[in-house]
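Q: Here it is: the structure, laid out below.
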Amino acid sequence: MIRRTPRTHGEILAAAARRFAVTGYKGTSLQDIAREVGCSKAAVLYHFAGKEALLAELMAGPISVLCELDERISALTGAAAQQAAAEGFVDLAVRFRGEIALLRGEFPELLAQPAFAHIHLISERLIEAMTGPDGGQDARVAALVLLAGIAEGCGTFADIPDEELRPALLAVAQRVLVTAAPPPTPDHQHQD
């Protein structure tokens, strides 16, 4: 087999994305990526410190947008926080559906890696924004299922155009969040 030097850093990233999509992150080795590019494993390691570094770079865009969403919702409360969290996560998932599809079924293992440790904290804050700080167990479960469902839906329905998928996901989010939200409590009781 004739080996060639990868033309660009991007060529290795593209091969890694294809391999992760086919065999998953855990099921892909650096040798698999090198084979797809047509280079040696050493050439891949010249460009990337390891498989985790490849994944971190592939996910840099979505993670950056997720961090921006986290900042945006941190300044909001109540219905405004809930709406911003739902719309922001749907927008992120639709925009980066290819990247999210790479991780399908492997989120728990990936969140355990140091490069992605902060994602768990952000997801907790998204859940709190969707349920409120006093959201009960049912509301928290509903919000978590909603987040996972949005991510899964973007990967599963790759054939649905963004302009159709986004409103469909937002409609589902609205139904779930209205159902899961605790009933409003009055600030004071009327005495008749």
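Starting from 1 in every chain, residues are counted up; chains themselves are A, B, ... following the order of the structure tokens, and ligands are numbered from 1 as listed.
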Can you list, as a PyMOL selection string, every protein, DNA or RNA residue that comes within 12 Å of Tyr46 (chain A) when you count only C-alpha atoms, leaving out same-chain residues fewer than 3 positions away?
A: chain A and resi 5-6+8-9+12+30+34+39-43+49-50+53-54
Q: Let me see the file: selected residues, all heavy atoms, as an mmCIF file, in the first residue's frame.
A:
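Writing done, so here's part_21.cif:
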data_model
loop_
_atom_site.group_PDB
_atom_site.id
_atom_site.type_symbol
_atom_site.label_atom_id
_atom_site.label_comp_id
_atom_site.auth_asym_id
_atom_site.auth_seq_id
_atom_site.Cartn_x
_atom_site.Cartn_y
_atom_site.Cartn_z
ATOM 1 N N THR A 5 1.267 11.530 2.601
ATOM 2 C CA THR A 5 1.171 12.462 3.713
ATOM 3 C C THR A 5 -0.161 13.185 3.605
ATOM 4 O O THR A 5 -0.531 13.623 2.520
ATOM 5 C CB THR A 5 2.318 13.490 3.653
ATOM 6 O OG1 THR A 5 3.532 12.774 3.633
ATOM 7 C CG2 THR A 5 2.279 14.435 4.824
ATOM 8 N N PRO A 6 -0.898 13.300 4.706
ATOM 9 C CA PRO A 6 -2.171 14.032 4.637
ATOM 10 C C PRO A 6 -1.917 15.459 4.177
ATOM 11 O O PRO A 6 -0.985 16.114 4.636
ATOM 12 C CB PRO A 6 -2.681 14.011 6.071
ATOM 13 C CG PRO A 6 -1.867 13.008 6.790
ATOM 14 C CD PRO A 6 -0.598 12.811 6.023
ATOM 15 N N THR A 8 -3.751 18.038 4.578
ATOM 16 C CA THR A 8 -4.110 19.046 5.577
ATOM 17 C C THR A 8 -4.556 18.382 6.875
ATOM 18 O O THR A 8 -4.933 17.217 6.912
ATOM 19 C CB THR A 8 -5.283 19.925 5.094
ATOM 20 O OG1 THR A 8 -6.435 19.123 4.967
ATOM 21 C CG2 THR A 8 -4.982 20.624 3.784
ATOM 22 N N HIS A 9 -4.500 19.191 7.860
ATOM 23 C CA HIS A 9 -5.049 18.852 9.168
ATOM 24 C C HIS A 9 -6.520 18.463 8.999
ATOM 25 O O HIS A 9 -7.003 17.515 9.600
ATOM 26 C CB HIS A 9 -4.889 20.139 9.996
ATOM 27 C CG HIS A 9 -5.149 20.038 11.440
ATOM 28 N ND1 HIS A 9 -4.240 19.565 12.333
ATOM 29 C CD2 HIS A 9 -6.231 20.429 12.170
ATOM 30 C CE1 HIS A 9 -4.727 19.655 13.549
ATOM 31 N NE2 HIS A 9 -5.932 20.161 13.479
ATOM 32 N N ILE A 12 -7.475 14.825 7.984
ATOM 33 C CA ILE A 12 -7.509 13.866 9.089
ATOM 34 C C ILE A 12 -8.802 14.042 9.891
ATOM 35 O O ILE A 12 -9.447 13.063 10.263
ATOM 36 C CB ILE A 12 -6.269 14.017 9.996
ATOM 37 C CG1 ILE A 12 -5.005 13.653 9.212
ATOM 38 C CG2 ILE A 12 -6.401 13.154 11.246
ATOM 39 C CD1 ILE A 12 -3.715 13.962 9.942
ATOM 40 N N LEU A 30 -6.981 5.063 16.077
ATOM 41 C CA LEU A 30 -6.160 5.979 15.289
ATOM 42 C C LEU A 30 -5.690 5.287 14.008
ATOM 43 O O LEU A 30 -5.564 5.925 12.959
ATOM 44 C CB LEU A 30 -4.973 6.479 16.107
ATOM 45 C CG LEU A 30 -5.324 7.454 17.221
ATOM 46 C CD1 LEU A 30 -4.082 7.787 18.046
ATOM 47 C CD2 LEU A 30 -5.942 8.727 16.673
ATOM 48 N N ALA A 34 -5.996 6.611 10.202
ATOM 49 C CA ALA A 34 -4.820 6.671 9.326
ATOM 50 C C ALA A 34 -5.068 5.884 8.043
ATOM 51 O O ALA A 34 -4.745 6.360 6.938
ATOM 52 C CB ALA A 34 -3.595 6.135 10.059
ATOM 53 N N CYS A 39 -2.400 7.282 5.352
ATOM 54 C CA CYS A 39 -1.130 7.685 5.948
ATOM 55 C C CYS A 39 -0.828 6.768 7.126
ATOM 56 O O CYS A 39 -1.593 5.858 7.431
ATOM 57 C CB CYS A 39 -1.183 9.141 6.389
ATOM 58 S SG CYS A 39 -2.302 9.461 7.779
ATOM 59 N N SER A 40 0.254 7.033 7.796
ATOM 60 C CA SER A 40 0.609 6.228 8.969
ATOM 61 C C SER A 40 -0.061 6.796 10.220
ATOM 62 O O SER A 40 -0.459 7.962 10.261
ATOM 63 C CB SER A 40 2.130 6.236 9.160
ATOM 64 O OG SER A 40 2.557 7.528 9.541
ATOM 65 N N LYS A 41 -0.139 5.948 11.235
ATOM 66 C CA LYS A 41 -0.660 6.386 12.526
ATOM 67 C C LYS A 41 0.227 7.495 13.081
ATOM 68 O O LYS A 41 -0.265 8.453 13.690
ATOM 69 C CB LYS A 41 -0.719 5.192 13.479
ATOM 70 C CG LYS A 41 -1.240 5.510 14.852
ATOM 71 C CD LYS A 41 -1.303 4.244 15.692
ATOM 72 C CE LYS A 41 -1.568 4.539 17.136
ATOM 73 N NZ LYS A 41 -1.569 3.320 17.955
ATOM 74 N N ALA A 42 1.521 7.408 12.828
ATOM 75 C CA ALA A 42 2.452 8.446 13.291
ATOM 76 C C ALA A 42 2.117 9.797 12.664
ATOM 77 O O ALA A 42 2.236 10.842 13.324
ATOM 78 C CB ALA A 42 3.891 8.041 12.972
ATOM 79 N N ALA A 43 1.673 9.782 11.406
ATOM 80 C CA ALA A 43 1.300 11.047 10.750
ATOM 81 C C ALA A 43 0.075 11.654 11.423
ATOM 82 O O ALA A 43 -0.002 12.876 11.604
ATOM 83 C CB ALA A 43 1.038 10.813 9.270
ATOM 84 N N ALA A 49 -2.716 14.959 19.250
ATOM 85 C CA ALA A 49 -2.122 14.252 20.388
ATOM 86 C C ALA A 49 -2.743 12.874 20.601
ATOM 87 O O ALA A 49 -2.129 12.011 21.217
ATOM 88 C CB ALA A 49 -2.263 15.086 21.661
ATOM 89 N N GLY A 50 -3.938 12.664 20.085
ATOM 90 C CA GLY A 50 -4.610 11.381 20.243
ATOM 91 C C GLY A 50 -6.036 11.481 19.765
ATOM 92 O O GLY A 50 -6.468 12.512 19.223
ATOM 93 N N ALA A 53 -8.115 14.304 21.237
ATOM 94 C CA ALA A 53 -7.833 15.611 20.631
ATOM 95 C C ALA A 53 -8.579 15.773 19.308
ATOM 96 O O ALA A 53 -9.054 16.870 18.982
ATOM 97 C CB ALA A 53 -6.332 15.781 20.427
ATOM 98 N N LEU A 54 -8.693 14.692 18.544
ATOM 99 C CA LEU A 54 -9.474 14.733 17.305
ATOM 100 C C LEU A 54 -10.937 15.055 17.606
ATOM 101 O O LEU A 54 -11.535 15.930 16.980
ATOM 102 C CB LEU A 54 -9.393 13.385 16.577
ATOM 103 C CG LEU A 54 -8.183 13.150 15.700
ATOM 104 C CD1 LEU A 54 -7.987 11.672 15.450
ATOM 105 C CD2 LEU A 54 -8.335 13.900 14.395
#
Q: Identify, on the basis of only C-alpha atoms, every residue whose closest approach to region 69-77 of chain A does not exceed 9 Å; exclude the query and any residue fewer than 3 positions from it along the same chain; express the result as number ranges by chain.
A: A: 64-66, 80-82, 84-85, 88-89, 92, 122-123, 125-126, 129, 132
Q: Which residue, A:Leu103, A:Leu110, A:Ala115, A:Leu177, has the smallest gap to Ala60 (chain A) when you use only C-alpha atoms?
A: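 Checking each candidate against Ala60 (chain A), we get A:Ala115 as the closest.
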Q: When DSSP is applied to the backbone of this structure, which of chain A are assigned helix (DSSP H, G or I)? Write them out as a PyMOL selection string.
A: chain A and resi 9-23+30-37+41-47+51-58+60-74+78-95+97-102+107-111+114-131+137-156+162-180
Q: As a compact mmCIF listing (two decimals) with C-alpha atoms, in the first residue's frame, please: the residues near Asp91 (chain A) (cut-off 9 Å, only C-alpha atoms, same-chain neighbours under 5 positions excluded).
A:
# COMPACT_ATOMS: atom_id res chain seq x y z
CA ALA A 86 -35.15 25.37 24.53
CA PHE A 96 -24.47 20.96 14.35
CA ARG A 166 -36.46 23.38 13.85
Q: Write out as an mmCIF file with all heavy atoms, in the first residue's frame which residues come within 9 Å of Leu102 (chain A) when counting only C-alpha atoms, dropping same-chain ones fewer than 6 positions away.
A:
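As written to disk, selection37.cif reads:
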data_model
loop_
_atom_site.group_PDB
_atom_site.id
_atom_site.type_symbol
_atom_site.label_atom_id
_atom_site.label_comp_id
_atom_site.auth_asym_id
_atom_site.auth_seq_id
_atom_site.Cartn_x
_atom_site.Cartn_y
_atom_site.Cartn_z
ATOM 1 N N ALA A 17 -14.144 12.069 11.454
ATOM 2 C CA ALA A 17 -15.597 12.254 11.513
ATOM 3 C C ALA A 17 -16.310 11.113 10.795
ATOM 4 O O ALA A 17 -17.310 10.576 11.308
ATOM 5 C CB ALA A 17 -15.986 13.595 10.906
ATOM 6 N N ARG A 18 -15.820 10.730 9.638
ATOM 7 C CA ARG A 18 -16.448 9.614 8.910
ATOM 8 C C ARG A 18 -16.354 8.316 9.704
ATOM 9 O O ARG A 18 -17.324 7.579 9.815
ATOM 10 C CB ARG A 18 -15.785 9.439 7.535
ATOM 11 C CG ARG A 18 -16.159 10.516 6.528
ATOM 12 C CD ARG A 18 -15.675 10.176 5.122
ATOM 13 N NE ARG A 18 -14.226 10.033 5.032
ATOM 14 C CZ ARG A 18 -13.364 11.030 4.812
ATOM 15 N NH1 ARG A 18 -13.821 12.265 4.668
ATOM 16 N NH2 ARG A 18 -12.077 10.796 4.708
ATOM 17 N N ARG A 19 -15.195 8.044 10.272
ATOM 18 C CA ARG A 19 -15.017 6.804 11.041
ATOM 19 C C ARG A 19 -15.888 6.808 12.295
ATOM 20 O O ARG A 19 -16.509 5.808 12.622
ATOM 21 C CB ARG A 19 -13.543 6.594 11.427
ATOM 22 C CG ARG A 19 -12.586 6.363 10.285
ATOM 23 C CD ARG A 19 -12.926 5.210 9.371
ATOM 24 N NE ARG A 19 -13.327 4.015 10.096
ATOM 25 C CZ ARG A 19 -14.086 3.046 9.583
ATOM 26 N NH1 ARG A 19 -14.508 3.122 8.349
ATOM 27 N NH2 ARG A 19 -14.405 2.000 10.299
ATOM 28 N N PHE A 20 -15.914 7.939 13.026
ATOM 29 C CA PHE A 20 -16.742 8.026 14.228
ATOM 30 C C PHE A 20 -18.212 7.812 13.867
ATOM 31 O O PHE A 20 -18.951 7.183 14.621
ATOM 32 C CB PHE A 20 -16.573 9.368 14.932
ATOM 33 C CG PHE A 20 -15.209 9.627 15.513
ATOM 34 C CD1 PHE A 20 -14.819 10.911 15.830
ATOM 35 C CD2 PHE A 20 -14.299 8.599 15.744
ATOM 36 C CE1 PHE A 20 -13.567 11.176 16.383
ATOM 37 C CE2 PHE A 20 -13.040 8.843 16.287
ATOM 38 C CZ PHE A 20 -12.681 10.142 16.612
ATOM 39 N N ALA A 21 -18.634 8.319 12.704
ATOM 40 C CA ALA A 21 -20.026 8.166 12.280
ATOM 41 C C ALA A 21 -20.362 6.706 11.973
ATOM 42 O O ALA A 21 -21.473 6.259 12.217
ATOM 43 C CB ALA A 21 -20.306 9.040 11.064
ATOM 44 N N VAL A 22 -19.396 5.971 11.452
ATOM 45 C CA VAL A 22 -19.637 4.579 11.054
ATOM 46 C C VAL A 22 -19.484 3.617 12.226
ATOM 47 O O VAL A 22 -20.351 2.769 12.461
ATOM 48 C CB VAL A 22 -18.694 4.171 9.897
ATOM 49 C CG1 VAL A 22 -18.780 2.690 9.605
ATOM 50 C CG2 VAL A 22 -19.002 4.983 8.653
ATOM 51 N N GLY A 24 -18.471 4.610 15.548
ATOM 52 C CA GLY A 24 -18.519 5.243 16.857
ATOM 53 C C GLY A 24 -17.134 5.656 17.320
ATOM 54 O O GLY A 24 -16.114 5.215 16.786
ATOM 55 N N TYR A 25 -17.113 6.522 18.305
ATOM 56 C CA TYR A 25 -15.844 7.002 18.846
ATOM 57 C C TYR A 25 -15.063 5.846 19.454
ATOM 58 O O TYR A 25 -13.887 5.643 19.166
ATOM 59 C CB TYR A 25 -16.101 8.095 19.884
ATOM 60 C CG TYR A 25 -14.850 8.567 20.582
ATOM 61 C CD1 TYR A 25 -13.992 9.456 19.957
ATOM 62 C CD2 TYR A 25 -14.534 8.110 21.859
ATOM 63 C CE1 TYR A 25 -12.833 9.886 20.587
ATOM 64 C CE2 TYR A 25 -13.382 8.533 22.496
ATOM 65 C CZ TYR A 25 -12.541 9.423 21.856
ATOM 66 O OH TYR A 25 -11.391 9.838 22.475
ATOM 67 N N GLY A 155 -30.032 13.699 14.625
ATOM 68 C CA GLY A 155 -29.262 12.665 13.947
ATOM 69 C C GLY A 155 -30.141 11.708 13.161
ATOM 70 O O GLY A 155 -29.801 11.292 12.055
#
Q: Need to verify the contact set: Val141 (chain A), 12 Å, only C-alpha atoms, exclusion of same-chain residues closer than 5 positions in sequence. Can you return it as a list in words?
A: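 So the residues in contact are Glu124, Ile127, Glu128, Met130, Thr131, Gly135, Gly136, Leu146, Leu147, Ala148, Gly149, Val176, Leu177, Thr179, Ala180 and Ala181 of chain A.
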Q: Okay, now the selection with N, CA and C atoms, as a short mmCIF file (atom, residue, chain, number, x, y, z; two decimals), in the first residue's frame?
A:
data_model
loop_
_atom_site.label_atom_id
_atom_site.label_comp_id
_atom_site.auth_asym_id
_atom_site.auth_seq_id
_atom_site.Cartn_x
_atom_site.Cartn_y
_atom_site.Cartn_z
N GLU A 124 -26.72 20.42 33.15
CA GLU A 124 -27.48 20.61 34.40
C GLU A 124 -28.10 22.00 34.45
N ILE A 127 -31.07 22.13 32.10
CA ILE A 127 -32.22 21.48 32.73
C ILE A 127 -32.86 22.42 33.75
N GLU A 128 -32.04 23.08 34.56
CA GLU A 128 -32.58 24.02 35.55
C GLU A 128 -33.29 25.19 34.88
N MET A 130 -34.83 25.06 32.10
CA MET A 130 -36.08 24.55 31.55
C MET A 130 -37.12 24.25 32.62
N THR A 131 -36.68 23.95 33.83
CA THR A 131 -37.61 23.54 34.88
C THR A 131 -37.75 24.55 36.00
N GLY A 135 -37.66 22.95 40.18
CA GLY A 135 -38.28 21.92 39.35
C GLY A 135 -38.22 20.57 40.03
N GLY A 136 -39.32 19.91 40.09
CA GLY A 136 -39.37 18.60 40.73
C GLY A 136 -38.74 17.52 39.87
N LEU A 146 -36.07 15.54 26.97
CA LEU A 146 -36.20 16.50 25.88
C LEU A 146 -34.84 16.80 25.25
N LEU A 147 -33.84 17.10 26.06
CA LEU A 147 -32.50 17.39 25.52
C LEU A 147 -31.96 16.20 24.72
N ALA A 148 -32.07 15.01 25.30
CA ALA A 148 -31.59 13.81 24.60
C ALA A 148 -32.39 13.56 23.33
N GLY A 149 -33.69 13.78 23.39
CA GLY A 149 -34.54 13.57 22.23
C GLY A 149 -34.25 14.54 21.10
N VAL A 176 -43.60 19.53 25.91
CA VAL A 176 -42.96 18.84 27.04
C VAL A 176 -42.78 19.80 28.21
N LEU A 177 -42.30 20.99 27.93
CA LEU A 177 -42.01 21.92 29.02
C LEU A 177 -43.28 22.43 29.69
N THR A 179 -46.06 20.70 29.96
CA THR A 179 -46.54 19.56 30.74
C THR A 179 -45.70 19.34 31.98
N ALA A 180 -44.38 19.53 31.86
CA ALA A 180 -43.47 19.24 32.97
C ALA A 180 -43.36 20.37 33.97
N ALA A 181 -43.76 21.57 33.58
CA ALA A 181 -43.59 22.72 34.47
C ALA A 181 -44.48 22.58 35.69
#
Q: So how far away is CA of Glu87 (chain A) from CA of Leu165 (chain A), in Å?
A: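 Interatomic distance, CA of Leu165 (chain A) to CA of Glu87 (chain A): 12.4 Å.
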Q: Give me, please, the distance in Å between CA of Ala168 (chain A) and CA of Ala139 (chain A), quoted to one decimal.
A: 20.8 Å
Q: What is the CA of Ile100 (chain A)-CA of Ala15 (chain A) distance in Å, reported with one decimal?
A: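 It comes out at 16.1 Å.
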Q: Under the rule that only C-alpha atoms are counted, which of A:Glu99, A:Glu164, A:Asp138, A:Glu36 is the nearest residue to Gly61 (chain A)?
A: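 Once distances to Gly61 (chain A) are computed over only C-alpha atoms, the minimum belongs to A:Glu99.
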